>>> print(open('my_file_31.cif').read())   # mmCIF, C-alpha atoms and all ligand atoms
data_work
loop_
_atom_site.group_PDB
_atom_site.id
_atom_site.type_symbol
_atom_site.label_atom_id
_atom_site.label_comp_id
_atom_site.auth_asym_id
_atom_site.auth_seq_id
_atom_site.Cartn_x
_atom_site.Cartn_y
_atom_site.Cartn_z
ATOM 1 C CA MET A 81 0.000 0.000 0.000
ATOM 2 C CA ASP A 82 1.695 3.237 -1.038
ATOM 3 C CA SER A 83 -1.231 5.635 -0.958
ATOM 4 C CA LEU A 84 -4.565 6.041 0.791
ATOM 5 C CA ARG A 85 -7.313 8.514 1.537
ATOM 6 C CA SER A 86 -8.088 9.792 4.995
ATOM 7 C CA ARG A 87 -11.605 9.787 6.466
ATOM 8 C CA THR A 88 -12.302 13.203 4.904
ATOM 9 C CA GLY A 89 -10.831 12.228 1.541
ATOM 10 C CA VAL A 90 -7.343 13.742 1.865
ATOM 11 C CA SER A 91 -4.897 11.766 -0.264
ATOM 12 C CA VAL A 92 -1.597 10.642 1.283
ATOM 13 C CA GLU A 93 1.202 9.165 -0.819
ATOM 14 C CA ALA A 94 4.209 7.339 0.600
ATOM 15 C CA ILE A 95 7.348 8.292 -1.332
ATOM 16 C CA ASP A 96 10.129 5.711 -1.189
ATOM 17 C CA LEU A 97 13.414 7.622 -1.025
ATOM 18 C CA HIS A 98 15.445 4.510 -1.896
ATOM 19 C CA PHE A 99 17.980 5.118 0.855
ATOM 20 C CA GLN A 100 21.290 3.480 -0.123
ATOM 21 C CA GLY A 101 19.635 2.400 -3.366
ATOM 22 C CA LYS A 102 17.267 0.048 -1.550
ATOM 23 C CA PRO A 103 13.458 0.156 -1.429
ATOM 24 C CA GLY A 104 11.500 0.158 1.818
ATOM 25 C CA ARG A 105 13.934 1.974 4.116
ATOM 26 C CA ILE A 106 13.081 5.669 4.396
ATOM 27 C CA ALA A 107 9.723 7.160 3.437
ATOM 28 C CA SER A 108 8.520 10.695 3.053
ATOM 29 C CA PHE A 109 4.754 11.362 2.946
ATOM 30 C CA LEU A 110 3.152 13.684 0.405
ATOM 31 C CA ILE A 111 -0.142 15.502 0.974
ATOM 32 C CA ARG A 112 -1.302 17.707 -1.890
ATOM 33 C CA HIS A 113 -3.348 20.881 -1.417
ATOM 34 C CA GLN A 114 -4.626 23.576 -3.804
ATOM 35 C CA GLY A 115 -1.468 25.668 -3.548
ATOM 36 C CA GLY A 116 1.139 22.913 -3.717
ATOM 37 C CA ALA A 117 1.945 20.104 -1.321
ATOM 38 C CA MET A 118 2.872 19.305 2.248
ATOM 39 C CA LEU A 119 5.650 16.841 2.998
ATOM 40 C CA ILE A 120 6.055 14.896 6.234
ATOM 41 C CA GLU A 121 9.797 14.066 6.630
ATOM 42 C CA SER A 122 12.418 15.313 4.186
ATOM 43 C CA GLY A 123 14.671 12.271 4.404
ATOM 44 C CA PRO A 124 18.458 12.759 4.546
ATOM 45 C CA GLY A 125 20.606 14.930 2.283
ATOM 46 C CA SER A 126 21.825 11.787 0.530
ATOM 47 C CA THR A 127 18.372 11.096 -0.971
ATOM 48 C CA ILE A 128 17.626 14.593 -2.294
ATOM 49 C CA GLY A 129 18.101 13.318 -5.874
ATOM 50 C CA GLY A 130 15.615 10.522 -5.253
ATOM 51 C CA LEU A 131 13.139 12.919 -3.664
ATOM 52 C CA GLU A 132 13.343 15.295 -6.643
ATOM 53 C CA LEU A 133 12.824 12.411 -9.047
ATOM 54 C CA GLU A 134 9.826 11.061 -7.131
ATOM 55 C CA LEU A 135 8.267 14.534 -6.948
ATOM 56 C CA ARG A 136 8.801 15.028 -10.680
ATOM 57 C CA ARG A 137 7.149 11.665 -11.407
ATOM 58 C CA ARG A 138 4.117 13.051 -9.604
ATOM 59 C CA GLY A 139 4.111 16.312 -11.574
ATOM 60 C CA LEU A 140 5.666 18.350 -8.773
ATOM 61 C CA ALA A 141 8.858 20.380 -8.383
ATOM 62 C CA PRO A 142 10.721 20.858 -5.070
ATOM 63 C CA GLY A 143 9.451 24.459 -5.029
ATOM 64 C CA ASP A 144 5.878 23.136 -4.821
ATOM 65 C CA ILE A 145 6.532 21.906 -1.273
ATOM 66 C CA THR A 146 5.021 24.677 0.831
ATOM 67 C CA HIS A 147 5.070 22.919 4.235
ATOM 68 C CA LEU A 148 7.671 20.475 5.572
ATOM 69 C CA LEU A 149 6.649 18.757 8.811
ATOM 70 C CA LEU A 150 9.424 16.963 10.707
ATOM 71 C CA THR A 151 8.780 14.306 13.357
ATOM 72 C CA HIS A 152 12.281 14.882 14.740
ATOM 73 C CA ILE A 153 15.658 16.109 13.604
ATOM 74 C CA HIS A 154 17.643 12.867 13.247
ATOM 75 C CA LEU A 155 19.433 12.998 9.903
ATOM 76 C CA ASP A 156 17.460 10.162 8.284
ATOM 77 C CA HIS A 157 14.240 12.153 8.874
ATOM 78 C CA ALA A 158 15.287 15.779 8.534
ATOM 79 C CA GLY A 159 18.727 16.039 6.883
ATOM 80 C CA ALA A 160 17.286 17.558 3.691
ATOM 81 C CA ALA A 161 15.183 20.172 5.543
ATOM 82 C CA GLY A 162 17.635 23.017 4.804
ATOM 83 C CA TRP A 163 17.624 22.160 1.108
ATOM 84 C CA LEU A 164 13.805 22.152 0.985
ATOM 85 C CA ALA A 165 13.769 25.448 2.895
ATOM 86 C CA ARG A 166 15.992 26.906 0.128
ATOM 87 C CA GLN A 167 13.304 25.848 -2.365
ATOM 88 C CA GLY A 168 10.824 27.851 -0.277
ATOM 89 C CA ALA A 169 9.272 25.402 2.185
ATOM 90 C CA ARG A 170 8.264 26.473 5.698
ATOM 91 C CA VAL A 171 9.561 23.961 8.230
ATOM 92 C CA TYR A 172 7.508 22.736 11.238
ATOM 93 C CA VAL A 173 9.327 21.128 14.154
ATOM 94 C CA HIS A 174 9.307 20.568 17.926
ATOM 95 C CA PRO A 175 10.622 23.619 19.857
ATOM 96 C CA ARG A 176 13.582 21.571 21.138
ATOM 97 C CA GLY A 177 14.511 20.539 17.603
ATOM 98 C CA ALA A 178 14.447 24.031 16.073
ATOM 99 C CA PRO A 179 17.876 25.246 17.337
ATOM 100 C CA HIS A 180 19.532 22.223 15.691
ATOM 101 C CA LEU A 181 17.930 23.008 12.337
ATOM 102 C CA ILE A 182 19.093 26.637 12.547
ATOM 103 C CA ASP A 183 22.620 25.537 13.478
ATOM 104 C CA PRO A 184 23.184 21.841 12.729
ATOM 105 C CA SER A 185 26.841 21.842 13.853
ATOM 106 C CA ARG A 186 26.273 20.046 17.185
ATOM 107 C CA LEU A 187 23.936 17.537 15.565
ATOM 108 C CA LEU A 188 26.537 16.801 12.884
ATOM 109 C CA GLU A 189 29.350 16.520 15.429
ATOM 110 C CA SER A 190 27.459 13.970 17.484
ATOM 111 C CA ALA A 191 26.470 12.027 14.344
ATOM 112 C CA ALA A 192 30.117 12.098 13.205
ATOM 113 C CA ARG A 193 31.150 10.571 16.539
ATOM 114 C CA ILE A 194 28.800 7.679 15.802
ATOM 115 C CA TYR A 195 29.250 7.282 12.020
ATOM 116 C CA GLY A 196 32.811 8.526 11.463
ATOM 117 C CA ASP A 197 33.954 8.285 7.849
ATOM 118 C CA ASP A 198 30.521 7.055 6.730
ATOM 119 C CA MET A 199 28.845 10.411 7.440
ATOM 120 C CA ASP A 200 28.824 11.780 3.891
ATOM 121 C CA ARG A 201 27.989 8.526 2.189
ATOM 122 C CA LEU A 202 25.063 7.870 4.531
ATOM 123 C CA TRP A 203 23.624 11.312 5.123
ATOM 124 C CA GLY A 204 24.905 13.670 2.419
ATOM 125 C CA GLU A 205 24.796 17.416 2.901
ATOM 126 C CA CYS A 206 22.842 18.954 5.781
ATOM 127 C CA LEU A 207 22.136 22.660 5.218
ATOM 128 C CA PRO A 208 20.901 24.979 7.980
ATOM 129 C CA VAL A 209 17.277 26.171 7.959
ATOM 130 C CA PRO A 210 16.830 29.965 8.221
ATOM 131 C CA GLU A 211 15.154 30.794 11.534
ATOM 132 C CA GLU A 212 12.463 32.884 9.810
ATOM 133 C CA GLN A 213 11.285 29.798 7.911
ATOM 134 C CA ILE A 214 10.720 27.712 11.037
ATOM 135 C CA THR A 215 7.459 27.315 12.954
ATOM 136 C CA THR A 216 7.595 25.356 16.214
ATOM 137 C CA LEU A 217 4.699 23.131 17.240
ATOM 138 C CA GLU A 218 3.504 22.178 20.711
ATOM 139 C CA ASP A 219 1.209 19.288 21.528
ATOM 140 C CA GLY A 220 -2.208 19.915 19.966
ATOM 141 C CA ASP A 221 -1.060 22.657 17.581
ATOM 142 C CA GLU A 222 -2.564 22.392 14.110
ATOM 143 C CA VAL A 223 -0.995 23.075 10.725
ATOM 144 C CA ALA A 224 -3.887 24.007 8.434
ATOM 145 C CA VAL A 225 -3.819 24.577 4.691
ATOM 146 C CA GLY A 226 -6.699 24.550 2.206
ATOM 147 C CA GLY A 227 -9.073 22.538 4.385
ATOM 148 C CA ILE A 228 -6.404 20.059 5.496
ATOM 149 C CA GLY A 229 -5.536 20.062 9.197
ATOM 150 C CA VAL A 230 -2.600 18.183 10.693
ATOM 151 C CA VAL A 231 -2.300 18.088 14.499
ATOM 152 C CA ALA A 232 1.040 17.734 16.309
ATOM 153 C CA LEU A 233 1.343 15.155 19.095
ATOM 154 C CA ASP A 234 4.196 15.565 21.563
ATOM 155 C CA THR A 235 5.630 12.036 21.650
ATOM 156 C CA PRO A 236 9.016 11.696 23.406
ATOM 157 C CA GLY A 237 10.717 8.355 24.087
ATOM 158 C CA HIS A 238 12.827 7.740 20.991
ATOM 159 C CA ALA A 239 13.944 11.372 21.186
ATOM 160 C CA GLU A 240 12.880 14.155 23.546
ATOM 161 C CA HIS A 241 11.983 16.469 20.686
ATOM 162 C CA HIS A 242 9.727 14.024 18.835
ATOM 163 C CA LEU A 243 6.337 14.832 17.312
ATOM 164 C CA ALA A 244 3.820 12.551 15.648
ATOM 165 C CA PHE A 245 1.228 14.073 13.311
ATOM 166 C CA GLN A 246 -2.449 13.206 13.132
ATOM 167 C CA LEU A 247 -4.394 13.849 9.909
ATOM 168 C CA ASP A 248 -8.006 12.675 10.320
ATOM 169 C CA ASP A 249 -7.586 8.930 10.969
ATOM 170 C CA ILE A 250 -3.938 8.664 9.873
ATOM 171 C CA CYS A 251 -1.060 9.012 12.334
ATOM 172 C CA PHE A 252 2.426 9.785 11.013
ATOM 173 C CA THR A 253 4.651 8.332 13.670
ATOM 174 C CA GLY A 254 8.283 9.109 12.803
ATOM 175 C CA ASP A 255 10.250 6.694 14.998
ATOM 176 C CA VAL A 256 7.958 6.622 18.046
ATOM 177 C CA ALA A 257 5.975 3.712 16.530
ATOM 178 C CA GLY A 258 9.227 1.857 15.900
ATOM 179 C CA VAL A 259 10.631 0.297 12.739
ATOM 180 C CA ARG A 260 8.682 -2.262 10.707
ATOM 181 C CA MET A 261 9.547 -3.500 7.254
ATOM 182 C CA PRO A 262 6.787 -3.604 4.581
ATOM 183 C CA HIS A 263 4.714 -6.829 4.761
ATOM 184 C CA SER A 264 6.232 -7.685 8.138
ATOM 185 C CA GLY A 265 4.511 -7.917 11.517
ATOM 186 C CA VAL A 266 7.662 -7.437 13.587
ATOM 187 C CA VAL A 267 8.176 -4.021 15.194
ATOM 188 C CA VAL A 268 11.571 -3.036 16.598
ATOM 189 C CA PRO A 269 12.114 0.004 18.852
ATOM 190 C CA PRO A 270 15.102 2.103 17.736
ATOM 191 C CA ALA A 271 16.969 3.125 20.903
ATOM 192 C CA PRO A 272 19.806 5.435 19.852
ATOM 193 C CA PRO A 273 21.651 7.570 22.399
ATOM 194 C CA PRO A 274 21.213 9.949 24.066
ATOM 195 C CA GLU A 275 17.463 10.175 24.662
ATOM 196 C CA PHE A 276 15.960 6.668 24.669
ATOM 197 C CA ALA A 277 13.389 6.842 27.507
ATOM 198 C CA PRO A 278 11.067 3.814 27.652
ATOM 199 C CA GLU A 279 8.671 5.184 30.282
ATOM 200 C CA ARG A 280 8.078 8.357 28.307
ATOM 201 C CA TRP A 281 7.878 6.240 25.153
ATOM 202 C CA ARG A 282 5.055 4.133 26.640
ATOM 203 C CA ARG A 283 3.106 7.284 27.524
ATOM 204 C CA SER A 284 3.596 8.524 23.962
ATOM 205 C CA LEU A 285 2.125 5.275 22.620
ATOM 206 C CA ALA A 286 -0.927 5.798 24.833
ATOM 207 C CA HIS A 287 -1.204 9.339 23.434
ATOM 208 C CA ILE A 288 -1.181 7.965 19.882
ATOM 209 C CA ALA A 289 -3.678 5.198 20.703
ATOM 210 C CA ALA A 290 -6.017 7.821 22.219
ATOM 211 C CA GLN A 291 -6.299 9.471 18.780
ATOM 212 C CA GLN A 292 -7.827 6.195 17.545
ATOM 213 C CA PRO A 293 -5.957 6.129 14.232
ATOM 214 C CA GLU A 294 -7.097 3.710 11.515
ATOM 215 C CA TYR A 295 -3.698 3.878 9.816
ATOM 216 C CA LEU A 296 -0.116 4.338 10.926
ATOM 217 C CA ALA A 297 2.382 5.947 8.542
ATOM 218 C CA LEU A 298 5.906 4.874 9.519
ATOM 219 C CA THR A 299 8.980 6.612 8.174
ATOM 220 C CA HIS A 300 10.613 3.156 8.340
ATOM 221 C CA PHE A 301 8.531 1.976 6.502
ATOM 222 C CA GLY A 302 5.149 2.655 5.008
ATOM 223 C CA LEU A 303 1.422 2.643 5.642
ATOM 224 C CA PHE A 304 -0.068 0.047 7.988
ATOM 225 C CA LEU A 305 -3.718 -0.587 8.791
ATOM 226 C CA ASP A 306 -3.474 -2.522 12.062
ATOM 227 C CA PRO A 307 -2.637 0.177 14.651
ATOM 228 C CA ALA A 308 -3.769 -1.794 17.710
ATOM 229 C CA GLU A 309 -1.720 -4.891 16.794
ATOM 230 C CA HIS A 310 1.206 -2.722 15.774
ATOM 231 C CA LEU A 311 1.284 -0.763 19.039
ATOM 232 C CA ALA A 312 0.925 -3.985 21.047
ATOM 233 C CA ALA A 313 3.881 -5.491 19.167
ATOM 234 C CA LEU A 314 5.953 -2.387 19.874
ATOM 235 C CA ARG A 315 5.090 -2.485 23.589
ATOM 236 C CA ARG A 316 6.306 -6.101 23.630
ATOM 237 C CA GLY A 317 9.481 -5.000 21.864
ATOM 238 C CA LEU A 318 10.127 -2.207 24.375
ATOM 239 C CA ARG A 319 9.646 -4.619 27.260
ATOM 240 C CA ALA A 320 11.993 -7.197 25.730
ATOM 241 C CA VAL A 321 14.690 -4.654 24.923
ATOM 242 C CA CYS A 322 14.639 -3.087 28.410
ATOM 243 C CA HIS A 323 14.715 -6.504 30.030
ATOM 244 C CA TRP A 324 17.697 -7.424 27.871
ATOM 245 C CA ALA A 325 19.497 -4.225 28.909
ATOM 246 C CA ASP A 326 18.851 -4.842 32.620
ATOM 247 C CA GLU A 327 20.321 -8.326 32.349
ATOM 248 C CA ASN A 328 23.181 -7.730 29.942
ATOM 249 C CA VAL A 329 24.580 -4.204 30.237
ATOM 250 C CA PRO A 330 26.200 -4.989 33.620
ATOM 251 C CA ARG A 331 27.665 -8.233 32.255
ATOM 252 C CA ALA A 332 29.299 -6.907 29.083
ATOM 253 C CA ALA A 333 33.101 -6.760 29.131
ATOM 254 C CA ASP A 334 33.144 -3.480 27.196
ATOM 255 C CA VAL A 335 31.128 -1.454 24.688
ATOM 256 C CA THR A 336 32.176 -3.579 21.712
ATOM 257 C CA ASP A 337 31.168 -6.734 23.541
ATOM 258 C CA LEU A 338 27.814 -5.171 24.465
ATOM 259 C CA GLN A 339 27.187 -4.145 20.839
ATOM 260 C CA ALA A 340 28.013 -7.623 19.543
ATOM 261 C CA ARG A 341 25.799 -9.300 22.143
ATOM 262 C CA TYR A 342 22.890 -6.971 21.468
ATOM 263 C CA THR A 343 23.150 -7.436 17.710
ATOM 264 C CA ASP A 344 23.074 -11.232 18.093
ATOM 265 C CA TRP A 345 20.229 -11.128 20.587
ATOM 266 C CA LEU A 346 18.087 -8.652 18.623
ATOM 267 C CA GLU A 347 18.383 -10.644 15.410
ATOM 268 C CA ALA A 348 17.443 -13.869 17.202
ATOM 269 C CA TRP A 349 14.549 -12.141 18.980
ATOM 270 C CA ALA A 350 13.221 -10.593 15.758
ATOM 271 C CA LEU A 351 13.397 -13.932 13.910
ATOM 272 C CA GLU A 352 11.609 -15.600 16.807
ATOM 273 C CA GLN A 353 8.869 -12.942 16.532
ATOM 274 C CA GLY A 354 8.430 -14.004 12.905
ATOM 275 C CA LEU A 355 10.763 -11.644 11.050
ATOM 276 C CA ASP A 356 11.697 -12.848 7.577
ATOM 277 C CA ALA A 357 15.506 -13.289 7.569
ATOM 278 C CA ALA A 358 15.614 -11.242 4.336
ATOM 279 C CA ASP A 359 14.311 -8.234 6.309
ATOM 280 C CA TRP A 360 17.109 -8.221 8.891
ATOM 281 C CA PRO A 361 19.577 -6.242 6.702
ATOM 282 C CA GLY A 362 16.919 -3.538 6.287
ATOM 283 C CA HIS A 363 16.549 -3.245 10.051
ATOM 284 C CA GLN A 364 20.317 -3.052 10.438
ATOM 285 C CA ALA A 365 20.603 -0.357 7.742
ATOM 286 C CA ILE A 366 17.925 1.854 9.300
ATOM 287 C CA ASN A 367 18.258 1.124 12.967
ATOM 288 C CA PRO A 368 21.644 -0.513 13.540
ATOM 289 C CA ALA A 369 21.666 -2.696 16.650
ATOM 290 C CA TRP A 370 25.184 -1.506 17.549
ATOM 291 C CA MET A 371 23.786 2.019 17.845
ATOM 292 C CA SER A 372 20.759 1.008 19.928
ATOM 293 C CA ALA A 373 23.190 -0.845 22.222
ATOM 294 C CA LEU A 374 24.761 2.548 23.018
ATOM 295 C CA GLY A 375 21.342 4.003 23.836
ATOM 296 C CA LEU A 376 20.483 1.031 26.049
ATOM 297 C CA ARG A 377 23.790 1.365 27.869
ATOM 298 C CA ARG A 378 23.082 5.007 28.596
ATOM 299 C CA TYR A 379 19.517 4.199 29.710
ATOM 300 C CA TRP A 380 20.796 1.491 32.094
ATOM 301 C CA LYS A 381 23.490 3.750 33.556
ATOM 302 C CA GLN A 382 20.991 6.554 34.194
ATOM 303 C CA LYS A 383 18.672 4.097 35.905
ATOM 304 C CA GLN A 384 21.456 3.208 38.338
ATOM 305 C CA GLY A 385 21.574 6.934 39.262
HETATM 306 ZN ZN ZN B 401 15.265 8.845 14.970
#
>>> encode(input="my_file_31.cif", output="structure tokens", more="lines below")
Ligand SMILES: [Zn+2]
Amino acid sequence: MDSLRSRTGVSVEAIDLHFQGKPGRIASFLIRHQGGAMLIESGPGSTIGGLELELRRRGLAPGDITHLLLTHIHLDHAGAAGWLARQGARVYVHPRGAPHLIDPSRLLESAARIYGDDMDRLWGECLPVPEEQITTLEDGDEVAVGGIGVVALDTPGHAEHHLAFQLDDICFTGDVAGVRMPHSGVVVPPAPPPEFAPERWRRSLAHIAAQQPEYLALTHFGLFLDPAEHLAALRRGLRAVCHWADENVPRAADVTDLQARYTDWLEAWALEQGLDAADWPGHQAINPAWMSALGLRRYWKQKQG
């Protein structure tokens, strides 16, 4: 399913950005209106060419994007925001994310610590967004254009500055509804440092469930029509991951050992949940277990006080 209509007839298209040349990894969602189109998630700088191509295939130019809504500022979701702003888009983001769009230097430094020499290849160029083109959104704020209304939901847990967006009966969930490959039932929580917070995450899932969505639109990856089952699977995943951290972080010899153990465990757990082995590389490309191991380590250490 790569497009659908909301309860009031608003059309939503999932654009596959073909991250690293592969389908089904990073999506951006297109919502047309009379004066152009709204985009939810820009994707990274490295997929700008793919985004342009996919817009052109749909009869649109980058300059037609009037509104860019970002769930959070991680590079796979928002790296191309500055480029879209240059084409004229207004950018909507959580108040705590805005400073990092205006000046991405700290964001890029921390990503470089994690990704090292792979930064450019993975994420491409990340341009700043001019402050005057940014609108910050609090919980319940609505972005309205030509009869279409999208409501921001404050949803921390994966990141403190995370928003989900509700359009009629569709919820765009960024990373707070986890990672799920197309045609798969297995949902994995991405737990990167430094802000993985499972208690806050669980409250965010309750906030999403309270909107009673009929569809979930996941950046990784696609449109799903079983929100209740999906959210239940993610709650199971969060429980399993936290339990693993409680048992294993204190036992690991060092960080490398912890990362190796977590990668082995997560793959085995996902396969046991019914993941198709062919989908494991996609999970690793989007939400590398070695990175979540760092987030789990930080979570465990904070818990010890
Ligand atoms: Zn993220």
>>> closest_residue(input="my_file_31.cif", among="A:Gly204, A:Pro293, A:Gly375, A:Gly196", to="ligand ZN 401 (chain B)", atoms="all atoms listed in the file")
A:Gly375
>>> resolve_selection(input="my_file_31.cif", expression="the PyMOL selection byres (((not hetatm)) within 8 of (chain B and resi 401))", output="list in words")
His152, Ile153, His154, Leu155, Asp156, His157, His238, Ala239, Gly254, Asp255, Pro270 and Pro272 of chain A
>>> closest_residue(input="my_file_31.cif", among="A:Leu243, A:Val267, A:Ile128, A:Ala107", to="Glu218 (chain A)", atoms="only C-alpha atoms")
A:Leu243
>>> closest_residue(input="my_file_31.cif", among="A:Ser372, A:Gln364, A:Ser91, A:Gln167", to="Gln213 (chain A)", atoms="all atoms listed in the file")
A:Gln167
>>> residues_near_point(input="my_file_31.cif", point="(-11.4, 9.8, 8.6)", cutoff="6 Å", atoms="only C-alpha atoms", output="number ranges by chain")
A: 86-88, 248-249
>>> atom_distance(input="my_file_31.cif", atom1="CA of Leu314 (chain A)", atom2="CA of Asp334 (chain A)")
28.2 Å
>>> resolve_selection(input="my_file_31.cif", expression="the PyMOL selection byres (((chain A and resi 304) around 9) and not hetatm)", output="PyMOL selection string")
chain A and resi 81+262-263+294-298+301-303+305-307+310
>>> closest_residue(input="my_file_31.cif", among="A:Thr146, A:Ser126, A:Thr299, A:Thr216", to="Phe252 (chain A)", atoms="all atoms listed in the file")
A:Thr299
>>> closest_atom_pairs(input="my_file_31.cif", of="region 314-346 of chain A", to="region 280-287 of chain A", cutoff="12 Å", atoms="all atoms listed in the file", output="CSV")
residue,atom,partner,partner_atom,distance
A:Leu314,CA,A:Leu285,CA,9.0
A:Arg315,CA,A:Arg282,CA,7.3
A:Arg316,CA,A:Arg282,CA,10.7
A:Gly317,CA,A:Arg282,CA,11.2
A:Leu318,CA,A:Arg282,CA,8.4
A:Arg319,CA,A:Arg282,CA,9.9
A:Cys322,CA,A:Trp281,CA,12.0
>>> closest_residue(input="my_file_31.cif", among="A:Glu347, A:Arg138, A:Gly130, A:Tyr379", to="Gly237 (chain A)", atoms="all atoms listed in the file")
A:Tyr379
>>> atom_distance(input="my_file_31.cif", atom1="CA of His98 (chain A)", atom2="CA of Arg201 (chain A)")
13.8 Å
>>> resolve_selection(input="my_file_31.cif", expression="the PyMOL selection byres (((chain A and resi 143) around 7) and not hetatm)", output="PyMOL selection string")
chain A and resi 141-142+144-145+167-168
>>> closest_residue(input="my_file_31.cif", among="A:Ala191, A:Leu202, A:Leu119, A:Ser185", to="Arg170 (chain A)", atoms="only C-alpha atoms")
A:Leu119
>>> atom_distance(input="my_file_31.cif", atom1="CA of Leu346 (chain A)", atom2="CA of Arg377 (chain A)")
14.8 Å
>>> axis_aligned_box(input="my_file_31.cif", around="region 343-351 of chain A", padding_each_side="5 Å", output="AutoDock Vina command-line options")
--center_x 18.2 --center_y -10.7 --center_z 17.2 --size_x 19.9 --size_y 16.5 --size_z 16.7
>>> decode(input="my_file_31.cif", residues="region 310-316 of chain A", atoms="all heavy atoms", output="CSV table (one decimal), in the first residue's frame")
chain,number,residue,atom,x,y,z
A,310,HIS,N,-0.1,-3.3,15.9
A,310,HIS,CA,1.2,-2.7,15.8
A,310,HIS,C,1.7,-2.2,17.1
A,310,HIS,O,2.8,-2.4,17.5
A,310,HIS,CB,1.2,-1.6,14.7
A,310,HIS,CG,2.5,-0.9,14.5
A,310,HIS,ND1,3.3,-1.2,13.5
A,310,HIS,CD2,3.1,0.0,15.3
A,310,HIS,CE1,4.4,-0.5,13.6
A,310,HIS,NE2,4.3,0.3,14.7
A,311,LEU,N,0.9,-1.4,17.8
A,311,LEU,CA,1.3,-0.8,19.0
A,311,LEU,C,1.5,-1.8,20.1
A,311,LEU,O,2.5,-1.7,20.9
A,311,LEU,CB,0.3,0.3,19.5
A,311,LEU,CG,0.1,1.5,18.6
A,311,LEU,CD1,-1.0,2.4,19.1
A,311,LEU,CD2,1.4,2.3,18.4
A,312,ALA,N,0.7,-2.9,20.1
A,312,ALA,CA,0.9,-4.0,21.0
A,312,ALA,C,2.3,-4.7,20.8
A,312,ALA,O,3.0,-5.0,21.7
A,312,ALA,CB,-0.2,-5.0,21.0
A,313,ALA,N,2.6,-4.9,19.5
A,313,ALA,CA,3.9,-5.5,19.2
A,313,ALA,C,5.0,-4.6,19.6
A,313,ALA,O,6.1,-5.1,20.1
A,313,ALA,CB,4.0,-5.8,17.7
A,314,LEU,N,4.9,-3.3,19.5
A,314,LEU,CA,6.0,-2.4,19.9
A,314,LEU,C,6.1,-2.4,21.4
A,314,LEU,O,7.2,-2.4,21.9
A,314,LEU,CB,5.7,-1.0,19.4
A,314,LEU,CG,6.7,0.1,19.8
A,314,LEU,CD1,8.1,-0.3,19.4
A,314,LEU,CD2,6.3,1.4,19.1
A,315,ARG,N,5.0,-2.4,22.1
A,315,ARG,CA,5.1,-2.5,23.6
A,315,ARG,C,5.8,-3.7,24.0
A,315,ARG,O,6.7,-3.7,24.9
A,315,ARG,CB,3.7,-2.5,24.2
A,315,ARG,CG,3.1,-1.1,24.2
A,315,ARG,CD,1.8,-1.1,25.1
A,315,ARG,NE,1.0,0.1,24.7
A,315,ARG,CZ,0.0,0.0,23.8
A,315,ARG,NH1,-0.4,-1.1,23.3
A,315,ARG,NH2,-0.7,1.1,23.5
A,316,ARG,N,5.6,-4.9,23.3
A,316,ARG,CA,6.3,-6.1,23.6
A,316,ARG,C,7.8,-5.9,23.4
A,316,ARG,O,8.6,-6.3,24.1
A,316,ARG,CB,5.8,-7.3,22.8
A,316,ARG,CG,4.5,-7.9,23.2
A,316,ARG,CD,4.4,-9.3,22.6
A,316,ARG,NE,4.3,-9.3,21.1
A,316,ARG,CZ,3.3,-9.0,20.4
A,316,ARG,NH1,2.1,-8.7,21.0
A,316,ARG,NH2,3.3,-9.0,19.1
